[in-house]
2 protein chains.
Amino acid sequence: MDSITIRAGRKEDMSQIYDMIKQLAEFEKMADQVKISTETLISDGFGSNPAFATFVACPATDVNKIVGYALYYPCYSTWVGKSVFLEDLFVLPEHRKGGVGKKLFLAVAKLAHESSKRMDFHVLSWNPAKDFYKALGCVNLTQEEDWNVYRLHNEDLAEVIKDLI
Amino acid sequence: MDSITIRAGRKEDMSQIYDMIKQLAEFEKMADQVKISTETLISDGFGSNPAFATFVACPATDVNKIVGYALYYPCYSTWVGKSVFLEDLFVLPEHRKGGVGKKLFLAVAKLAHESSKRMDFHVLSWNPAKDFYKALGCVNLTQEEDWNVYRLHNEDLAEVIKDLI
C-alpha cells in the first residue's frame, strides 16, 4: 500500500469530500438525508468564519487524490470548556485496514488536545468501527451514562416556532 | 408567577449561570465532572470569536436576576449544513412548570431556524424532560436511528496522541 500523507483539507478537495459524504451516508443507510452540495461545503468551510475544518488522507505519490477524510468543528462543554466534535471519519473501502482511519482520527485528536479539553462524536450502535474507537480509549456515553441524541429537524423547527413569528 | 423576559446572556450573568451549571450537573448526578469557572465562561463566551452564546430568563421586574438559561453554539452537519447545538437548558426548581423552559427552548429554536437547518442536543434517558422535548416535535435519534454518543476525555486524548508528539 502507498504511504499516506495527512494534510488539512482545501477548497478544491470539497468535491471529493462531498462524494465521500454520500458514500458514508449510504454505509449508514441514510443516504436520503444528504441535502448538502459541494458549493455549500466550500462556502461554509472557507469563509471569514468557517463552520468546520477537515483533514484529508492522500497517497504520498498523489496529494490531490483523497482516500479518506475527517471533518470536525469546535464545540463547547459547560463542564470542561472548549472541545472538538468529530462529525465524520471516512476511508474509501479499498484503502481500509491499513491505518488510514487511525491517522485521520489522531490528527483530530492532536488538535483537540492542543486546543481544547475533549473530543466528542456520534457512532451508530451497529457500526463495527465501535471496536476501533474503544481500542483508542473512547467511551460510549450512551451505554455508560445514558446520554441519548435528540434532534429537531428543519421542518419541525419551523412548526415549533410558528406562533413566535 | 412573575412575567418572564428572555434576553441574550451577558458577561455579568456568567456567575449566576455558573451556579446553575453546577445545579444542572447535580441533577444529572455528574457534579464531579464540572471543571469550569465563571472566568472561563467569560473568556470563552465573550472574546473576538465566542465559543458559545446564551439566552437567560429573568422576571420582568428584575432583569438582572436569572431564573433559567439556555447555552448553545453553532455546529455543522455534513447532511444539511449549519446547525445549532443546545448544550444546556435549565430552570431553577422554584420557577418550573410555568413555561420558562419552553420560552428558553423556543428562543434557541427560533435562532436555529433563522440561521441554520436543525437543532441537536443530548438528554439523559431517565430525564423526565424527554416528554417535554417529544411534545415539541424532537426526535430521539438514539432510539430511532441507533446513534450513540462517544467521548475521548482529556486524559485519554493525551494518552492516544503521545506517540505523535
# chains A, B, ... in the order shown; residues from 1 in each chain; ligands from 1
call {"tool": "interface_residues", "arguments": {"of": "chain B", "to": "chain A", "cutoff": "6 Å", "atoms": "only C-alpha atoms", "output": "count of residues only"}}
result
30
call {"tool": "select_by_dssp", "arguments": {"residues": "stretch 4-140 of chain A", "states": "strand (DSSP E or B)", "output": "short mmCIF file (atom, residue, chain, number, x, y, z; two decimals) with N, CA and C atoms, in the first residue's frame"}}
result
data_model
loop_
_atom_site.label_atom_id
_atom_site.label_comp_id
_atom_site.auth_asym_id
_atom_site.auth_seq_id
_atom_site.Cartn_x
_atom_site.Cartn_y
_atom_site.Cartn_z
N ILE A 4 0.83 7.05 3.16
CA ILE A 4 -0.30 8.00 3.21
C ILE A 4 0.11 9.30 3.92
N THR A 5 -0.24 10.41 3.32
CA THR A 5 0.00 11.73 3.91
C THR A 5 -1.31 12.29 4.44
N ILE A 6 -1.26 12.89 5.64
CA ILE A 6 -2.44 13.58 6.18
C ILE A 6 -2.17 15.09 6.08
N ARG A 7 -3.11 15.83 5.51
CA ARG A 7 -2.96 17.28 5.44
C ARG A 7 -4.32 17.94 5.65
N ALA A 8 -4.33 19.24 5.92
CA ALA A 8 -5.59 19.98 6.06
C ALA A 8 -6.31 20.00 4.72
N ALA A 53 -13.73 22.34 9.70
CA ALA A 53 -12.44 22.16 9.03
C ALA A 53 -12.27 20.67 8.77
N THR A 54 -11.30 20.32 7.94
CA THR A 54 -11.10 18.90 7.59
C THR A 54 -9.62 18.54 7.59
N PHE A 55 -9.37 17.25 7.79
CA PHE A 55 -8.09 16.64 7.43
C PHE A 55 -8.40 15.64 6.32
N VAL A 56 -7.48 15.53 5.37
CA VAL A 56 -7.68 14.54 4.32
C VAL A 56 -6.45 13.63 4.26
N ALA A 57 -6.69 12.38 3.82
CA ALA A 57 -5.62 11.39 3.64
C ALA A 57 -5.37 11.21 2.15
N CYS A 58 -4.12 11.34 1.75
CA CYS A 58 -3.76 11.23 0.32
C CYS A 58 -2.57 10.29 0.19
N PRO A 59 -2.50 9.53 -0.92
CA PRO A 59 -1.27 8.79 -1.19
C PRO A 59 -0.12 9.79 -1.35
N GLY A 68 -9.53 9.42 2.12
CA GLY A 68 -10.27 9.45 3.38
C GLY A 68 -10.29 10.86 3.92
N TYR A 69 -11.25 11.14 4.82
CA TYR A 69 -11.34 12.49 5.39
C TYR A 69 -11.89 12.43 6.81
N ALA A 70 -11.54 13.44 7.58
CA ALA A 70 -12.16 13.68 8.89
C ALA A 70 -12.66 15.11 8.87
N LEU A 71 -13.91 15.32 9.26
CA LEU A 71 -14.50 16.67 9.30
C LEU A 71 -14.88 16.97 10.75
N TYR A 72 -14.46 18.12 11.25
CA TYR A 72 -14.66 18.45 12.66
C TYR A 72 -14.95 19.94 12.82
N TYR A 73 -15.43 20.31 14.02
CA TYR A 73 -15.66 21.72 14.32
C TYR A 73 -15.51 21.93 15.82
N PRO A 74 -15.26 23.16 16.26
CA PRO A 74 -15.17 23.41 17.70
C PRO A 74 -16.55 23.30 18.34
N CYS A 75 -16.63 22.70 19.52
CA CYS A 75 -17.88 22.69 20.26
C CYS A 75 -17.59 23.16 21.68
N TYR A 76 -18.57 23.11 22.56
CA TYR A 76 -18.35 23.67 23.90
C TYR A 76 -19.03 22.82 24.96
N SER A 77 -18.33 22.61 26.05
CA SER A 77 -18.88 21.87 27.18
C SER A 77 -18.96 22.80 28.39
N GLY A 81 -15.25 23.16 29.11
CA GLY A 81 -14.86 24.27 28.24
C GLY A 81 -14.75 23.88 26.77
N LYS A 82 -13.78 24.47 26.08
CA LYS A 82 -13.67 24.25 24.63
C LYS A 82 -13.38 22.79 24.29
N SER A 83 -14.12 22.27 23.32
CA SER A 83 -13.99 20.88 22.91
C SER A 83 -14.04 20.80 21.39
N VAL A 84 -13.85 19.59 20.88
CA VAL A 84 -13.89 19.38 19.43
C VAL A 84 -14.91 18.29 19.14
N PHE A 85 -15.75 18.52 18.13
CA PHE A 85 -16.69 17.48 17.70
C PHE A 85 -16.23 16.93 16.36
N LEU A 86 -16.05 15.62 16.32
CA LEU A 86 -15.69 14.92 15.08
C LEU A 86 -16.98 14.50 14.39
N GLU A 87 -17.33 15.21 13.33
CA GLU A 87 -18.61 14.96 12.65
C GLU A 87 -18.53 13.71 11.77
N ASP A 88 -17.47 13.61 10.98
CA ASP A 88 -17.34 12.46 10.06
C ASP A 88 -15.91 11.94 10.05
N LEU A 89 -15.78 10.63 9.94
CA LEU A 89 -14.48 9.99 9.68
C LEU A 89 -14.75 8.89 8.67
N PHE A 90 -14.10 8.97 7.52
CA PHE A 90 -14.41 8.02 6.44
C PHE A 90 -13.15 7.71 5.64
N VAL A 91 -13.01 6.43 5.27
CA VAL A 91 -11.91 5.99 4.41
C VAL A 91 -12.52 5.15 3.29
N MET A 119 -12.94 15.39 23.09
CA MET A 119 -13.38 15.18 21.71
C MET A 119 -14.62 14.29 21.75
N ASP A 120 -15.70 14.76 21.11
CA ASP A 120 -16.97 14.01 21.10
C ASP A 120 -17.32 13.60 19.68
N PHE A 121 -18.12 12.58 19.55
CA PHE A 121 -18.64 12.19 18.24
C PHE A 121 -19.81 11.23 18.44
N HIS A 122 -20.51 10.94 17.35
CA HIS A 122 -21.65 10.01 17.38
C HIS A 122 -21.32 8.79 16.52
N VAL A 123 -21.70 7.63 17.00
CA VAL A 123 -21.45 6.39 16.26
C VAL A 123 -22.74 5.56 16.25
N LEU A 124 -23.07 4.96 15.13
CA LEU A 124 -24.22 4.05 15.07
C LEU A 124 -23.91 2.79 15.87
N VAL A 139 -15.04 6.44 25.13
CA VAL A 139 -16.11 5.93 25.99
C VAL A 139 -17.45 6.07 25.26
N ASN A 140 -18.26 5.04 25.32
CA ASN A 140 -19.63 5.11 24.78
C ASN A 140 -20.52 5.69 25.88
#
call {"tool": "calpha_fit_and_write", "arguments": {"fixed": "chain B", "moving": "chain A", "output": "PDB file with C-alpha atoms, in the first residue's frame"}}
result
ATOM      1  CA  MET A   1     -45.857  33.947  38.964  1.00  0.00           C
ATOM      2  CA  ASP A   2     -43.944  36.969  37.677  1.00  0.00           C
ATOM      3  CA  SER A   3     -43.958  37.602  33.959  1.00  0.00           C
ATOM      4  CA  ILE A   4     -40.710  36.285  32.448  1.00  0.00           C
ATOM      5  CA  THR A   5     -38.422  38.075  29.991  1.00  0.00           C
ATOM      6  CA  ILE A   6     -35.993  36.198  27.729  1.00  0.00           C
ATOM      7  CA  ARG A   7     -32.854  38.087  26.682  1.00  0.00           C
ATOM      8  CA  ALA A   8     -29.332  37.300  25.449  1.00  0.00           C
ATOM      9  CA  GLY A   9     -26.895  36.464  28.247  1.00  0.00           C
ATOM     10  CA  ARG A  10     -24.186  38.997  29.152  1.00  0.00           C
ATOM     11  CA  LYS A  11     -20.768  38.786  30.802  1.00  0.00           C
ATOM     12  CA  GLU A  12     -22.185  39.851  34.129  1.00  0.00           C
ATOM     13  CA  ASP A  13     -24.670  36.935  34.030  1.00  0.00           C
ATOM     14  CA  MET A  14     -21.942  34.268  33.914  1.00  0.00           C
ATOM     15  CA  SER A  15     -21.585  33.983  37.684  1.00  0.00           C
ATOM     16  CA  GLN A  16     -25.289  33.101  38.034  1.00  0.00           C
ATOM     17  CA  ILE A  17     -25.044  30.777  35.008  1.00  0.00           C
ATOM     18  CA  TYR A  18     -22.046  29.032  36.558  1.00  0.00           C
ATOM     19  CA  ASP A  19     -24.107  28.369  39.707  1.00  0.00           C
ATOM     20  CA  MET A  20     -26.868  26.878  37.535  1.00  0.00           C
ATOM     21  CA  ILE A  21     -24.362  24.762  35.523  1.00  0.00           C
ATOM     22  CA  LYS A  22     -23.388  23.170  38.842  1.00  0.00           C
ATOM     23  CA  GLN A  23     -27.052  22.648  39.805  1.00  0.00           C
ATOM     24  CA  LEU A  24     -27.781  21.045  36.414  1.00  0.00           C
ATOM     25  CA  ALA A  25     -24.779  18.714  36.781  1.00  0.00           C
ATOM     26  CA  GLU A  26     -25.995  17.778  40.286  1.00  0.00           C
ATOM     27  CA  PHE A  27     -29.434  16.955  38.860  1.00  0.00           C
ATOM     28  CA  GLU A  28     -27.673  14.831  36.210  1.00  0.00           C
ATOM     29  CA  LYS A  29     -25.681  13.107  39.003  1.00  0.00           C
ATOM     30  CA  MET A  30     -22.381  14.212  37.457  1.00  0.00           C
ATOM     31  CA  ALA A  31     -21.409  17.208  39.605  1.00  0.00           C
ATOM     32  CA  ASP A  32     -17.825  15.898  39.838  1.00  0.00           C
ATOM     33  CA  GLN A  33     -17.387  16.466  36.081  1.00  0.00           C
ATOM     34  CA  VAL A  34     -17.709  20.276  36.339  1.00  0.00           C
ATOM     35  CA  LYS A  35     -14.174  21.685  35.930  1.00  0.00           C
ATOM     36  CA  ILE A  36     -15.086  25.082  34.534  1.00  0.00           C
ATOM     37  CA  SER A  37     -15.228  28.512  36.241  1.00  0.00           C
ATOM     38  CA  THR A  38     -17.077  31.813  35.847  1.00  0.00           C
ATOM     39  CA  GLU A  39     -13.853  33.328  34.480  1.00  0.00           C
ATOM     40  CA  THR A  40     -13.557  30.627  31.784  1.00  0.00           C
ATOM     41  CA  LEU A  41     -17.174  31.199  30.745  1.00  0.00           C
ATOM     42  CA  ILE A  42     -16.484  34.922  30.402  1.00  0.00           C
ATOM     43  CA  SER A  43     -13.282  34.493  28.391  1.00  0.00           C
ATOM     44  CA  ASP A  44     -14.712  31.723  26.146  1.00  0.00           C
ATOM     45  CA  GLY A  45     -18.104  33.324  25.530  1.00  0.00           C
ATOM     46  CA  PHE A  46     -17.197  36.970  25.022  1.00  0.00           C
ATOM     47  CA  GLY A  47     -13.913  37.171  23.122  1.00  0.00           C
ATOM     48  CA  SER A  48     -13.460  38.052  19.464  1.00  0.00           C
ATOM     49  CA  ASN A  49     -14.526  34.512  18.477  1.00  0.00           C
ATOM     50  CA  PRO A  50     -17.079  33.400  21.099  1.00  0.00           C
ATOM     51  CA  ALA A  51     -17.323  29.637  21.653  1.00  0.00           C
ATOM     52  CA  PHE A  52     -20.969  29.783  22.768  1.00  0.00           C
ATOM     53  CA  ALA A  53     -23.885  32.119  23.437  1.00  0.00           C
ATOM     54  CA  THR A  54     -26.760  32.096  25.926  1.00  0.00           C
ATOM     55  CA  PHE A  55     -30.333  33.150  26.476  1.00  0.00           C
ATOM     56  CA  VAL A  56     -31.398  33.868  30.024  1.00  0.00           C
ATOM     57  CA  ALA A  57     -34.848  34.040  31.650  1.00  0.00           C
ATOM     58  CA  CYS A  58     -35.456  36.888  34.112  1.00  0.00           C
ATOM     59  CA  PRO A  59     -38.509  38.133  36.013  1.00  0.00           C
ATOM     60  CA  ALA A  60     -39.729  41.236  34.157  1.00  0.00           C
ATOM     61  CA  THR A  61     -39.453  43.050  37.500  1.00  0.00           C
ATOM     62  CA  ASP A  62     -35.722  42.256  37.846  1.00  0.00           C
ATOM     63  CA  VAL A  63     -33.857  41.654  34.588  1.00  0.00           C
ATOM     64  CA  ASN A  64     -30.585  41.104  36.468  1.00  0.00           C
ATOM     65  CA  LYS A  65     -31.873  38.055  38.325  1.00  0.00           C
ATOM     66  CA  ILE A  66     -31.615  34.875  36.253  1.00  0.00           C
ATOM     67  CA  VAL A  67     -34.061  32.026  36.859  1.00  0.00           C
ATOM     68  CA  GLY A  68     -33.067  29.873  33.866  1.00  0.00           C
ATOM     69  CA  TYR A  69     -30.650  29.708  30.941  1.00  0.00           C
ATOM     70  CA  ALA A  70     -30.056  28.041  27.589  1.00  0.00           C
ATOM     71  CA  LEU A  71     -26.464  27.714  26.330  1.00  0.00           C
ATOM     72  CA  TYR A  72     -25.854  26.894  22.666  1.00  0.00           C
ATOM     73  CA  TYR A  73     -23.242  27.059  19.903  1.00  0.00           C
ATOM     74  CA  PRO A  74     -23.134  26.633  16.120  1.00  0.00           C
ATOM     75  CA  CYS A  75     -22.414  23.106  14.922  1.00  0.00           C
ATOM     76  CA  TYR A  76     -22.236  21.518  11.479  1.00  0.00           C
ATOM     77  CA  SER A  77     -23.901  18.632   9.687  1.00  0.00           C
ATOM     78  CA  THR A  78     -22.440  17.119   6.522  1.00  0.00           C
ATOM     79  CA  TRP A  79     -26.023  16.208   5.600  1.00  0.00           C
ATOM     80  CA  VAL A  80     -27.788  19.571   5.988  1.00  0.00           C
ATOM     81  CA  GLY A  81     -25.118  22.207   6.726  1.00  0.00           C
ATOM     82  CA  LYS A  82     -25.114  24.783   9.511  1.00  0.00           C
ATOM     83  CA  SER A  83     -26.900  23.655  12.674  1.00  0.00           C
ATOM     84  CA  VAL A  84     -27.237  24.638  16.315  1.00  0.00           C
ATOM     85  CA  PHE A  85     -26.326  22.518  19.331  1.00  0.00           C
ATOM     86  CA  LEU A  86     -28.222  23.180  22.562  1.00  0.00           C
ATOM     87  CA  GLU A  87     -25.688  22.301  25.263  1.00  0.00           C
ATOM     88  CA  ASP A  88     -27.727  23.180  28.369  1.00  0.00           C
ATOM     89  CA  LEU A  89     -31.301  24.114  29.233  1.00  0.00           C
ATOM     90  CA  PHE A  90     -32.010  24.727  32.908  1.00  0.00           C
ATOM     91  CA  VAL A  91     -34.658  26.439  35.043  1.00  0.00           C
ATOM     92  CA  LEU A  92     -34.393  26.907  38.819  1.00  0.00           C
ATOM     93  CA  PRO A  93     -36.691  24.390  40.584  1.00  0.00           C
ATOM     94  CA  GLU A  94     -38.924  27.084  42.101  1.00  0.00           C
ATOM     95  CA  HIS A  95     -39.581  28.563  38.623  1.00  0.00           C
ATOM     96  CA  ARG A  96     -40.531  25.339  36.812  1.00  0.00           C
ATOM     97  CA  LYS A  97     -43.951  24.357  35.460  1.00  0.00           C
ATOM     98  CA  GLY A  98     -44.660  27.909  34.316  1.00  0.00           C
ATOM     99  CA  GLY A  99     -43.399  27.726  30.734  1.00  0.00           C
ATOM    100  CA  VAL A 100     -39.953  29.247  31.369  1.00  0.00           C
ATOM    101  CA  GLY A 101     -38.117  26.221  29.907  1.00  0.00           C
ATOM    102  CA  LYS A 102     -40.300  26.319  26.797  1.00  0.00           C
ATOM    103  CA  LYS A 103     -39.617  30.040  26.309  1.00  0.00           C
ATOM    104  CA  LEU A 104     -35.853  29.428  26.510  1.00  0.00           C
ATOM    105  CA  PHE A 105     -36.067  26.411  24.186  1.00  0.00           C
ATOM    106  CA  LEU A 106     -38.095  28.394  21.636  1.00  0.00           C
ATOM    107  CA  ALA A 107     -35.610  31.296  21.721  1.00  0.00           C
ATOM    108  CA  VAL A 108     -32.856  28.877  20.627  1.00  0.00           C
ATOM    109  CA  ALA A 109     -35.189  27.119  18.147  1.00  0.00           C
ATOM    110  CA  LYS A 110     -36.041  30.463  16.508  1.00  0.00           C
ATOM    111  CA  LEU A 111     -32.377  31.307  16.117  1.00  0.00           C
ATOM    112  CA  ALA A 112     -31.668  27.784  14.780  1.00  0.00           C
ATOM    113  CA  HIS A 113     -34.482  28.145  12.259  1.00  0.00           C
ATOM    114  CA  GLU A 114     -33.248  31.546  11.092  1.00  0.00           C
ATOM    115  CA  SER A 115     -29.551  30.707  10.852  1.00  0.00           C
ATOM    116  CA  SER A 116     -29.347  26.999  10.176  1.00  0.00           C
ATOM    117  CA  LYS A 117     -31.078  23.753   9.337  1.00  0.00           C
ATOM    118  CA  ARG A 118     -31.639  21.857  12.550  1.00  0.00           C
ATOM    119  CA  MET A 119     -31.082  21.749  16.309  1.00  0.00           C
ATOM    120  CA  ASP A 120     -29.373  18.898  18.195  1.00  0.00           C
ATOM    121  CA  PHE A 121     -28.902  18.160  21.875  1.00  0.00           C
ATOM    122  CA  HIS A 122     -28.241  15.323  24.337  1.00  0.00           C
ATOM    123  CA  VAL A 123     -30.695  14.146  26.996  1.00  0.00           C
ATOM    124  CA  LEU A 124     -30.230  11.557  29.755  1.00  0.00           C
ATOM    125  CA  SER A 125     -32.551   8.616  29.113  1.00  0.00           C
ATOM    126  CA  TRP A 126     -34.110   8.910  32.605  1.00  0.00           C
ATOM    127  CA  ASN A 127     -34.669  12.689  32.444  1.00  0.00           C
ATOM    128  CA  PRO A 128     -38.429  13.474  32.662  1.00  0.00           C
ATOM    129  CA  ALA A 129     -37.766  16.415  30.278  1.00  0.00           C
ATOM    130  CA  LYS A 130     -37.865  13.791  27.470  1.00  0.00           C
ATOM    131  CA  ASP A 131     -41.659  14.165  27.422  1.00  0.00           C
ATOM    132  CA  PHE A 132     -41.310  17.958  27.059  1.00  0.00           C
ATOM    133  CA  TYR A 133     -38.920  17.534  24.110  1.00  0.00           C
ATOM    134  CA  LYS A 134     -41.144  14.914  22.472  1.00  0.00           C
ATOM    135  CA  ALA A 135     -44.162  17.223  22.741  1.00  0.00           C
ATOM    136  CA  LEU A 136     -42.150  19.881  20.882  1.00  0.00           C
ATOM    137  CA  GLY A 137     -41.523  17.506  17.955  1.00  0.00           C
ATOM    138  CA  CYS A 138     -37.964  16.461  18.835  1.00  0.00           C
ATOM    139  CA  VAL A 139     -36.788  13.000  17.779  1.00  0.00           C
ATOM    140  CA  ASN A 140     -34.749  10.664  19.990  1.00  0.00           C
ATOM    141  CA  LEU A 141     -32.101   9.584  17.456  1.00  0.00           C
ATOM    142  CA  THR A 142     -30.608   7.029  19.824  1.00  0.00           C
ATOM    143  CA  GLN A 143     -33.939   5.179  19.790  1.00  0.00           C
ATOM    144  CA  GLU A 144     -34.924   5.937  16.193  1.00  0.00           C
ATOM    145  CA  GLU A 145     -31.591   5.560  14.374  1.00  0.00           C
ATOM    146  CA  ASP A 146     -29.255   3.873  16.907  1.00  0.00           C
ATOM    147  CA  TRP A 147     -26.885   6.831  17.331  1.00  0.00           C
ATOM    148  CA  ASN A 148     -24.631   6.583  20.395  1.00  0.00           C
ATOM    149  CA  VAL A 149     -22.649   9.426  21.981  1.00  0.00           C
ATOM    150  CA  TYR A 150     -18.883   8.813  22.167  1.00  0.00           C
ATOM    151  CA  ARG A 151     -16.239  10.801  24.019  1.00  0.00           C
ATOM    152  CA  LEU A 152     -12.471  10.867  24.355  1.00  0.00           C
ATOM    153  CA  HIS A 153     -11.737  12.579  27.676  1.00  0.00           C
ATOM    154  CA  ASN A 154      -8.797  14.931  28.117  1.00  0.00           C
ATOM    155  CA  GLU A 155      -6.521  12.405  29.838  1.00  0.00           C
ATOM    156  CA  ASP A 156      -7.278   9.786  27.151  1.00  0.00           C
ATOM    157  CA  LEU A 157      -6.611  12.360  24.398  1.00  0.00           C
ATOM    158  CA  ALA A 158      -3.161  12.870  25.896  1.00  0.00           C
ATOM    159  CA  GLU A 159      -2.595   9.088  26.010  1.00  0.00           C
ATOM    160  CA  VAL A 160      -3.766   8.378  22.463  1.00  0.00           C
ATOM    161  CA  ILE A 161      -1.568  10.996  20.839  1.00  0.00           C
ATOM    162  CA  LYS A 162       1.557  10.525  22.953  1.00  0.00           C
ATOM    163  CA  ASP A 163       3.385   8.691  20.163  1.00  0.00           C
ATOM    164  CA  LEU A 164       2.703  11.627  17.797  1.00  0.00           C
ATOM    165  CA  ILE A 165       4.245  14.357  19.945  1.00  0.00           C
TER     166      ILE A 165
END
call {"tool": "select_by_dssp", "arguments": {"residues": "chain A", "states": "alpha helix (DSSP H)", "output": "ChimeraX atom specification"}}
result
/A:14-27,38-45,100-115,129-135,141-145,154-160
call {"tool": "decode", "arguments": {"residues": "stretch 77-103 of chain A", "atoms": "C-alpha atoms", "output": "mmCIF file, in the first residue's frame"}}
result
data_model
loop_
_atom_site.group_PDB
_atom_site.id
_atom_site.type_symbol
_atom_site.label_atom_id
_atom_site.label_comp_id
_atom_site.auth_asym_id
_atom_site.auth_seq_id
_atom_site.Cartn_x
_atom_site.Cartn_y
_atom_site.Cartn_z
ATOM 1 C CA SER A 77 -18.878 21.874 27.184
ATOM 2 C CA THR A 78 -20.208 23.664 30.261
ATOM 3 C CA TRP A 79 -18.254 21.101 32.293
ATOM 4 C CA VAL A 80 -14.778 21.385 30.739
ATOM 5 C CA GLY A 81 -14.858 24.275 28.235
ATOM 6 C CA LYS A 82 -13.665 24.253 24.634
ATOM 7 C CA SER A 83 -13.991 20.878 22.909
ATOM 8 C CA VAL A 84 -13.894 19.383 19.432
ATOM 9 C CA PHE A 85 -16.690 17.485 17.701
ATOM 10 C CA LEU A 86 -15.688 14.917 15.079
ATOM 11 C CA GLU A 87 -18.615 14.958 12.646
ATOM 12 C CA ASP A 88 -17.335 12.461 10.056
ATOM 13 C CA LEU A 89 -14.483 9.987 9.685
ATOM 14 C CA PHE A 90 -14.409 8.022 6.441
ATOM 15 C CA VAL A 91 -11.911 5.989 4.408
ATOM 16 C CA LEU A 92 -12.612 4.592 0.929
ATOM 17 C CA PRO A 93 -13.264 0.818 1.175
ATOM 18 C CA GLU A 94 -10.207 -0.118 -0.905
ATOM 19 C CA HIS A 95 -7.931 1.856 1.469
ATOM 20 C CA ARG A 96 -9.173 0.403 4.775
ATOM 21 C CA LYS A 97 -7.281 -1.872 7.167
ATOM 22 C CA GLY A 98 -4.028 0.000 6.578
ATOM 23 C CA GLY A 99 -4.187 2.531 9.409
ATOM 24 C CA VAL A 100 -5.552 5.449 7.356
ATOM 25 C CA GLY A 101 -8.593 5.906 9.640
ATOM 26 C CA LYS A 102 -6.361 5.911 12.716
ATOM 27 C CA LYS A 103 -4.066 8.540 11.175
#
